[in-house]
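Source file my_file19.txt; content: compact mmCIF, C-alpha atoms.
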```txt
# COMPACT_ATOMS: atom_id res chain seq x y z
CA MET A 1 108.92 76.35 63.49
CA THR A 2 106.02 77.47 65.71
CA GLN A 3 107.83 77.51 69.04
CA SER A 4 111.05 79.25 70.00
CA PRO A 5 114.14 77.34 68.92
CA ARG A 6 115.72 75.34 71.74
CA LEU A 7 119.33 76.43 72.14
CA LEU A 8 121.61 74.34 74.34
CA GLY A 9 124.57 76.29 75.69
CA ILE A 10 127.61 74.53 77.08
CA SER A 11 130.40 76.40 78.81
CA GLY A 12 133.72 74.59 78.97
CA ALA A 13 134.56 76.36 82.23
CA LEU A 14 133.15 75.58 85.66
CA ARG A 15 134.08 78.83 87.41
CA LYS A 16 131.06 80.79 88.59
CA ALA A 17 132.26 84.05 86.98
CA SER A 18 133.47 82.33 83.80
CA THR A 19 133.72 84.54 80.75
CA ASN A 20 132.82 81.48 78.68
CA THR A 21 129.50 81.18 80.50
CA MET A 22 129.00 84.91 79.88
CA LEU A 23 129.78 84.27 76.21
CA VAL A 24 127.12 81.53 76.04
CA HIS A 25 124.58 84.04 77.36
CA GLU A 26 125.78 86.63 74.84
CA ALA A 27 125.45 84.04 72.08
CA ALA A 28 121.85 83.43 73.11
CA ARG A 29 121.21 87.19 73.11
CA ALA A 30 122.76 87.43 69.62
CA PHE A 31 120.72 84.43 68.45
CA GLY A 32 117.51 86.20 69.38
CA HIS A 33 114.28 84.69 70.59
CA CYS A 34 115.06 81.19 71.85
CA GLN A 35 114.73 78.86 74.81
CA LEU A 36 118.24 78.72 76.29
CA THR A 37 119.20 75.74 78.42
CA LEU A 38 122.61 75.67 80.05
CA GLY A 39 124.17 72.22 80.05
CA ASP A 40 126.00 71.18 83.21
CA ILE A 41 129.28 69.31 82.66
CA ARG A 42 130.27 68.69 86.28
CA PHE A 43 130.85 64.97 85.91
CA PRO A 44 133.25 62.57 87.58
CA LEU A 45 136.33 61.76 85.54
CA TYR A 46 135.49 59.09 83.01
CA ASP A 47 136.54 55.69 84.31
CA LYS A 48 135.32 52.43 82.75
CA ASP A 49 135.35 50.76 86.18
CA LEU A 50 133.07 53.53 87.49
CA GLU A 51 130.79 53.14 84.48
CA ASP A 52 130.62 49.36 84.99
CA ALA A 53 129.93 49.71 88.72
CA GLU A 54 127.49 52.64 88.70
CA GLY A 55 126.38 53.13 85.10
CA ILE A 56 126.09 56.45 83.32
CA PRO A 57 125.86 59.34 85.82
CA GLU A 58 122.47 61.08 85.99
CA GLY A 59 124.02 64.40 84.91
CA VAL A 60 125.42 62.80 81.76
CA SER A 61 122.02 61.31 80.90
CA ARG A 62 120.44 64.73 81.44
CA LEU A 63 122.96 66.41 79.10
CA VAL A 64 122.41 63.74 76.44
CA GLU A 65 118.65 64.35 76.59
CA GLN A 66 119.23 68.10 76.34
CA MET A 67 121.40 67.51 73.27
CA LYS A 68 118.72 65.36 71.65
CA LYS A 69 116.01 67.98 72.28
CA ALA A 70 118.13 70.93 71.14
CA ASP A 71 117.48 72.60 67.81
CA ALA A 72 121.02 74.01 68.03
CA ILE A 73 124.02 73.91 70.35
CA VAL A 74 126.60 76.56 71.18
CA ILE A 75 129.77 75.56 73.01
CA SER A 76 132.08 78.17 74.50
CA THR A 77 135.53 76.88 75.32
CA PRO A 78 138.37 78.44 77.26
CA GLU A 79 141.93 77.59 76.33
CA TYR A 80 144.05 75.77 78.90
CA ASN A 81 147.66 75.15 77.94
CA LYS A 82 146.93 75.61 74.23
CA ASN A 83 144.06 73.13 74.24
CA LEU A 84 140.46 72.64 75.26
CA PRO A 85 139.93 72.14 79.00
CA GLY A 86 139.89 68.63 80.43
CA VAL A 87 136.40 69.10 81.87
CA LEU A 88 134.97 69.65 78.38
CA LYS A 89 136.83 66.67 76.91
CA ASN A 90 135.68 64.57 79.87
CA ALA A 91 132.06 65.58 79.20
CA LEU A 92 132.41 64.51 75.57
CA ASP A 93 133.93 61.20 76.66
CA TRP A 94 130.95 60.53 78.95
CA VAL A 95 128.46 61.55 76.24
CA SER A 96 130.13 59.13 73.84
CA ARG A 97 129.57 56.32 76.33
CA ALA A 98 125.90 57.25 76.81
CA ASP A 99 124.80 57.98 73.24
CA MET A 100 127.16 58.65 70.37
CA THR A 101 124.26 59.99 68.26
CA ALA A 102 123.13 62.68 70.76
CA MET A 103 124.46 65.52 68.58
CA ARG A 104 124.22 63.90 65.15
CA ASP A 105 123.16 66.48 62.55
CA VAL A 106 122.45 69.14 65.21
CA PRO A 107 123.68 72.60 64.12
CA LEU A 108 126.54 73.59 66.44
CA ALA A 109 128.50 76.80 66.88
CA ILE A 110 131.82 77.07 68.69
CA VAL A 111 132.97 80.26 70.40
CA SER A 112 135.77 80.92 72.86
CA SER A 113 136.93 83.36 75.47
CA ALA A 114 140.46 83.22 76.83
CA ALA A 115 142.99 85.39 78.63
CA GLY A 116 145.54 85.16 75.84
CA ARG A 117 145.76 87.25 72.71
CA ALA A 118 144.48 84.45 70.44
CA GLY A 119 141.19 84.26 72.35
CA GLY A 120 141.02 80.47 72.39
CA GLU A 121 141.80 79.78 68.75
CA ARG A 122 143.73 76.59 69.55
CA SER A 123 141.02 75.29 71.87
CA GLN A 124 138.43 75.75 69.12
CA PHE A 125 140.60 73.72 66.75
CA SER A 126 140.93 70.97 69.36
CA LEU A 127 137.20 71.00 70.09
CA ARG A 128 136.34 70.71 66.40
CA HIS A 129 138.56 67.63 66.23
CA CYS A 130 136.94 66.09 69.36
CA LEU A 131 133.44 66.65 67.94
CA THR A 132 134.17 64.75 64.70
CA PRO A 133 132.87 61.33 65.83
CA PHE A 134 129.60 62.86 67.06
CA ARG A 135 128.85 64.26 63.58
CA PRO A 136 127.08 67.52 64.47
CA ARG A 137 126.77 70.20 61.77
CA VAL A 138 129.60 72.41 63.04
CA LEU A 139 129.53 75.91 61.58
CA GLN A 140 132.80 77.00 60.04
CA GLY A 141 132.45 80.70 60.67
CA PRO A 142 132.69 83.43 61.28
CA GLU A 143 135.06 82.41 64.03
CA VAL A 144 134.50 84.18 67.36
CA PHE A 145 137.55 84.46 69.61
CA ILE A 146 137.35 86.77 72.63
CA ALA A 147 140.90 87.68 73.68
CA GLY A 148 141.84 89.37 76.93
CA ALA A 149 138.72 87.87 78.45
CA ALA A 150 139.09 89.50 81.87
CA LYS A 151 138.49 92.92 80.30
CA ALA A 152 136.16 91.89 77.47
CA PHE A 153 132.89 91.87 79.42
CA GLY A 154 131.10 94.58 81.35
CA GLU A 155 129.69 94.21 84.85
CA ASP A 156 126.38 93.23 83.23
CA GLY A 157 128.09 90.28 81.49
CA ARG A 158 127.83 91.82 78.04
CA LEU A 159 130.63 92.07 75.52
CA LEU A 160 132.19 95.53 75.52
CA ASP A 161 133.62 95.46 71.98
CA PRO A 162 130.90 96.12 69.38
CA ARG A 163 132.92 94.31 66.67
CA SER A 164 133.09 91.16 68.78
CA PHE A 165 129.33 91.22 69.31
CA GLU A 166 128.80 91.85 65.59
CA LEU A 167 130.81 88.72 64.74
CA LEU A 168 128.84 86.79 67.34
CA GLN A 169 125.59 88.02 65.75
CA GLN A 170 126.82 86.86 62.34
CA LEU A 171 127.67 83.41 63.71
CA MET A 172 124.36 83.13 65.53
CA GLY A 173 122.58 84.28 62.36
CA GLN A 174 124.22 81.36 60.56
CA LEU A 175 123.05 79.08 63.37
CA GLN A 176 119.49 80.41 62.98
CA GLN A 177 119.65 79.63 59.25
CA GLU A 178 120.78 76.07 59.99
CA VAL A 179 117.90 75.63 62.45
CA ALA A 180 115.45 76.92 59.84
CA LEU A 181 116.82 74.49 57.24
CA ALA A 182 116.34 71.58 59.63
CA ALA A 183 112.74 72.55 60.48
```

Encoded form (structure tokens):
Amino acid sequence: MTQSPRLLGISGALRKASTNTMLVHEAARAFGHCQLTLGDIRFPLYDKDLEDAEGIPEGVSRLVEQMKKADAIVISTPEYNKNLPGVLKNALDWVSRADMTAMRDVPLAIVSSAAGRAGGERSQFSLRHCLTPFRPRVLQGPEVFIAGAAKAFGEDGRLLDPRSFELLQQLMGQLQQEVALAA
């Protein structure tokens, strides 16, 4: 591959100071030299009547194109009530209406940051299930769960625990290998 790999990062949280958005940036740093694009998932709630009346929202079409151009995708999901957040599921629902093949065979890593002690383990499980019909190449590990998210990142947005960053580097190294295989 002659150019930098194109990494699409998707944070399952909309909050400006989201630790999941910080984790996407940390994943890109752990990945190494790449072109990071942050996907925006601020879409209206999926509604077939809305789709029939107005078509696919421009933001959804943009995300689908970003998915198609990506050499790899990393999704960071918080955990809301023991599951993935509705905004992330909503984004996947819209993507499925626009182009079910947008992520087909694209290497994809899942990470999570959550306030609880499990660090988003349940949300990752739910997300893996929701990704099944899209058929990306979801990496199985190492699993990266950042627990106690409010205290896990420094003021610079970097992970404070060296072991957590080491696991993230291992996962991103696996993602690099998948990108190289696809090239």

- Skip A:Val95 itself and residues of its chain fewer than 3 positions away, then list as a PyMOL selection string all residues within 9 Å of it, counting only C-alpha atoms. chain A and resi 60-61+63-64+90-92+98-100+102

### Distance of atom CA of A:Leu139 from atom CA of A:Gln174, expressed in Å to one decimal place
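Atom-to-atom, atom CA of A:Gln174 and atom CA of A:Leu139 are spaced 7.7 Å apart.
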
- Just the residues within 9 Å of stretch 162-166 of chain A, please, counting all atoms listed in the file, with nothing from its chain fewer than 3 positions along; format it as a ChimeraX atom specification. /A:26-27,30,144-146,158-159,169-171

Just want the 9 Å neighbourhood of A:Gly119, counted on only C-alpha atoms, with same-chain residues fewer than 5 positions away dropped. Output as a ChimeraX atom specification. /A:78-79,112-114,144-149

List as a compact mmCIF listing (two decimals) with C-alpha atoms, in the frame of the given file the protein and nucleic acid residues near A:Met22, meaning an atom at most 6 Å away when all atoms listed in the file are counted, but skip any in the same chain fewer than 3 places from it.
```
# COMPACT_ATOMS: atom_id res chain seq x y z
CA THR A 19 133.72 84.54 80.75
CA HIS A 25 124.58 84.04 77.36
CA GLY A 157 128.09 90.28 81.49
```

Pairwise distance for atom CA of A:His129 and atom CA of A:Leu88, rounded to one decimal in Å: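 If I compute the distance from atom CA of A:His129 to atom CA of A:Leu88, I get 12.8 Å.
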
| said: As an exercise, work out the distance from atom CA of A:Pro57 to atom CA of A:Arg15 in Å and give it to one decimal place. | reply: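 Interatomic distance, atom CA of A:Pro57 to atom CA of A:Arg15: 21.2 Å.
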
Give me, as a VMD selection string, all polymer residues having an atom no more than 7 Å from A:Phe31, counting only C-alpha atoms and skipping those fewer than 5 positions away in the same chain.
chain A and resid 169 172 to 173 176

Give the answer as one residue: which of A:Arg97, A:Val179, A:Lys16, A:Arg6 has the shortest atom-to-atom distance to A:Gly55, using all atoms listed in the file?
->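 Going through A:Arg97, A:Val179, A:Lys16, A:Arg6 one by one, the smallest distance to A:Gly55 is for A:Arg97.
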
Among the residues A:Thr37, A:Gln3, A:Ser11, A:Ser126, the one that comes closest to A:Lys82 [using all atoms listed in the file]:
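Smallest separation from A:Lys82 among the options: A:Ser126.
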
Tell me which residues come within 7 Å of (124.1, 74.8, 77.8), as a PyMOL selection string, counting all atoms listed in the file in the file's coordinates.
chain A and resi 8-11+37-40

### Query
Which one of A:Asn81, A:Ser123, A:Gln35, A:Gln177 sits closest to A:Pro107 if you count only C-alpha atoms?
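Ranking A:Asn81, A:Ser123, A:Gln35, A:Gln177 by distance to A:Pro107, first place goes to A:Gln177.
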
With 5 Å added on each side, what axis-aligned box encloses every listed atom of stretch 64-71 of chain A? Give the centre and edge lengths in Å to one decimal, as lines of an AutoDock Vina configuration file.
```
center_x = 119.2
center_y = 68.2
center_z = 72.2
size_x = 16.4
size_y = 18.9
size_z = 18.8
```

Across A:Met67, A:Ala115, A:Pro85, A:Glu155, the smallest distance to A:Phe134, with only C-alpha atoms counted, is shown by A:Met67

As a JSON list (two decimals), in the frame of the given file, could you write out stretch 138-149 of chain A once it has been completed with all heavy atoms?
```json
[["chain", "number", "residue", "atom", "x", "y", "z"],
["A", 138, "VAL", "N", 128.80, 71.34, 62.45],
["A", 138, "VAL", "CA", 129.60, 72.41, 63.04],
["A", 138, "VAL", "C", 129.76, 73.54, 62.02],
["A", 138, "VAL", "O", 130.21, 73.32, 60.90],
["A", 138, "VAL", "CB", 131.00, 71.90, 63.47],
["A", 138, "VAL", "CG1", 131.82, 73.03, 64.07],
["A", 138, "VAL", "CG2", 130.86, 70.75, 64.47],
["A", 139, "LEU", "N", 129.37, 74.74, 62.44],
["A", 139, "LEU", "CA", 129.53, 75.91, 61.58],
["A", 139, "LEU", "C", 131.01, 76.26, 61.45],
["A", 139, "LEU", "O", 131.76, 76.17, 62.42],
["A", 139, "LEU", "CB", 128.77, 77.11, 62.17],
["A", 139, "LEU", "CG", 127.27, 76.93, 62.34],
["A", 139, "LEU", "CD1", 126.66, 78.21, 62.89],
["A", 139, "LEU", "CD2", 126.61, 76.55, 61.03],
["A", 140, "GLN", "N", 131.39, 76.69, 60.28],
["A", 140, "GLN", "CA", 132.80, 77.00, 60.04],
["A", 140, "GLN", "C", 133.13, 78.47, 60.31],
["A", 140, "GLN", "O", 134.29, 78.83, 60.43],
["A", 140, "GLN", "CB", 133.17, 76.63, 58.62],
["A", 140, "GLN", "CG", 133.05, 75.14, 58.35],
["A", 140, "GLN", "CD", 133.83, 74.29, 59.34],
["A", 140, "GLN", "OE1", 135.02, 74.51, 59.54],
["A", 140, "GLN", "NE2", 133.18, 73.34, 59.97],
["A", 141, "GLY", "N", 132.14, 79.30, 60.40],
["A", 141, "GLY", "CA", 132.45, 80.70, 60.67],
["A", 141, "GLY", "C", 131.23, 81.57, 60.59],
["A", 141, "GLY", "O", 130.13, 81.09, 60.27],
["A", 142, "PRO", "N", 131.41, 82.82, 60.93],
["A", 142, "PRO", "CA", 132.69, 83.43, 61.28],
["A", 142, "PRO", "C", 133.18, 82.93, 62.64],
["A", 142, "PRO", "O", 132.38, 82.58, 63.50],
["A", 142, "PRO", "CB", 132.37, 84.93, 61.35],
["A", 142, "PRO", "CG", 130.92, 84.99, 61.67],
["A", 142, "PRO", "CD", 130.31, 83.77, 61.03],
["A", 143, "GLU", "N", 134.48, 82.87, 62.78],
["A", 143, "GLU", "CA", 135.06, 82.41, 64.03],
["A", 143, "GLU", "C", 135.00, 83.54, 65.06],
["A", 143, "GLU", "O", 135.29, 84.69, 64.73],
["A", 143, "GLU", "CB", 136.51, 81.98, 63.82],
["A", 143, "GLU", "CG", 136.60, 80.76, 62.90],
["A", 143, "GLU", "CD", 138.03, 80.41, 62.56],
["A", 143, "GLU", "OE1", 138.75, 81.30, 62.08],
["A", 143, "GLU", "OE2", 138.40, 79.25, 62.77],
["A", 144, "VAL", "N", 134.61, 83.20, 66.28],
["A", 144, "VAL", "CA", 134.50, 84.18, 67.36],
["A", 144, "VAL", "C", 135.48, 83.81, 68.45],
["A", 144, "VAL", "O", 135.32, 82.79, 69.12],
["A", 144, "VAL", "CB", 133.06, 84.25, 67.91],
["A", 144, "VAL", "CG1", 132.99, 85.22, 69.09],
["A", 144, "VAL", "CG2", 132.08, 84.64, 66.82],
["A", 145, "PHE", "N", 136.52, 84.63, 68.58],
["A", 145, "PHE", "CA", 137.55, 84.46, 69.61],
["A", 145, "PHE", "C", 137.56, 85.73, 70.45],
["A", 145, "PHE", "O", 137.82, 86.81, 69.92],
["A", 145, "PHE", "CB", 138.95, 84.31, 68.99],
["A", 145, "PHE", "CG", 139.06, 83.30, 67.89],
["A", 145, "PHE", "CD1", 139.30, 83.69, 66.59],
["A", 145, "PHE", "CD2", 138.95, 81.95, 68.16],
["A", 145, "PHE", "CE1", 139.43, 82.76, 65.57],
["A", 145, "PHE", "CE2", 139.07, 81.00, 67.15],
["A", 145, "PHE", "CZ", 139.31, 81.41, 65.85],
["A", 146, "ILE", "N", 137.32, 85.61, 71.74],
["A", 146, "ILE", "CA", 137.35, 86.77, 72.63],
["A", 146, "ILE", "C", 138.66, 86.73, 73.41],
["A", 146, "ILE", "O", 138.84, 85.91, 74.31],
["A", 146, "ILE", "CB", 136.14, 86.79, 73.58],
["A", 146, "ILE", "CG1", 134.82, 86.67, 72.80],
["A", 146, "ILE", "CG2", 136.18, 88.05, 74.45],
["A", 146, "ILE", "CD1", 134.58, 87.77, 71.77],
["A", 147, "ALA", "N", 139.59, 87.60, 73.02],
["A", 147, "ALA", "CA", 140.90, 87.68, 73.68],
["A", 147, "ALA", "C", 140.83, 88.62, 74.87],
["A", 147, "ALA", "O", 139.92, 89.44, 74.98],
["A", 147, "ALA", "CB", 141.93, 88.17, 72.67],
["A", 148, "GLY", "N", 141.81, 88.49, 75.76],
["A", 148, "GLY", "CA", 141.84, 89.37, 76.93],
["A", 148, "GLY", "C", 140.54, 89.31, 77.69],
["A", 148, "GLY", "O", 139.96, 90.33, 78.07],
["A", 149, "ALA", "N", 140.07, 88.11, 77.93],
["A", 149, "ALA", "CA", 138.72, 87.87, 78.45],
["A", 149, "ALA", "C", 138.39, 88.63, 79.73],
["A", 149, "ALA", "O", 137.25, 89.07, 79.92],
["A", 149, "ALA", "CB", 138.51, 86.38, 78.68]]
```
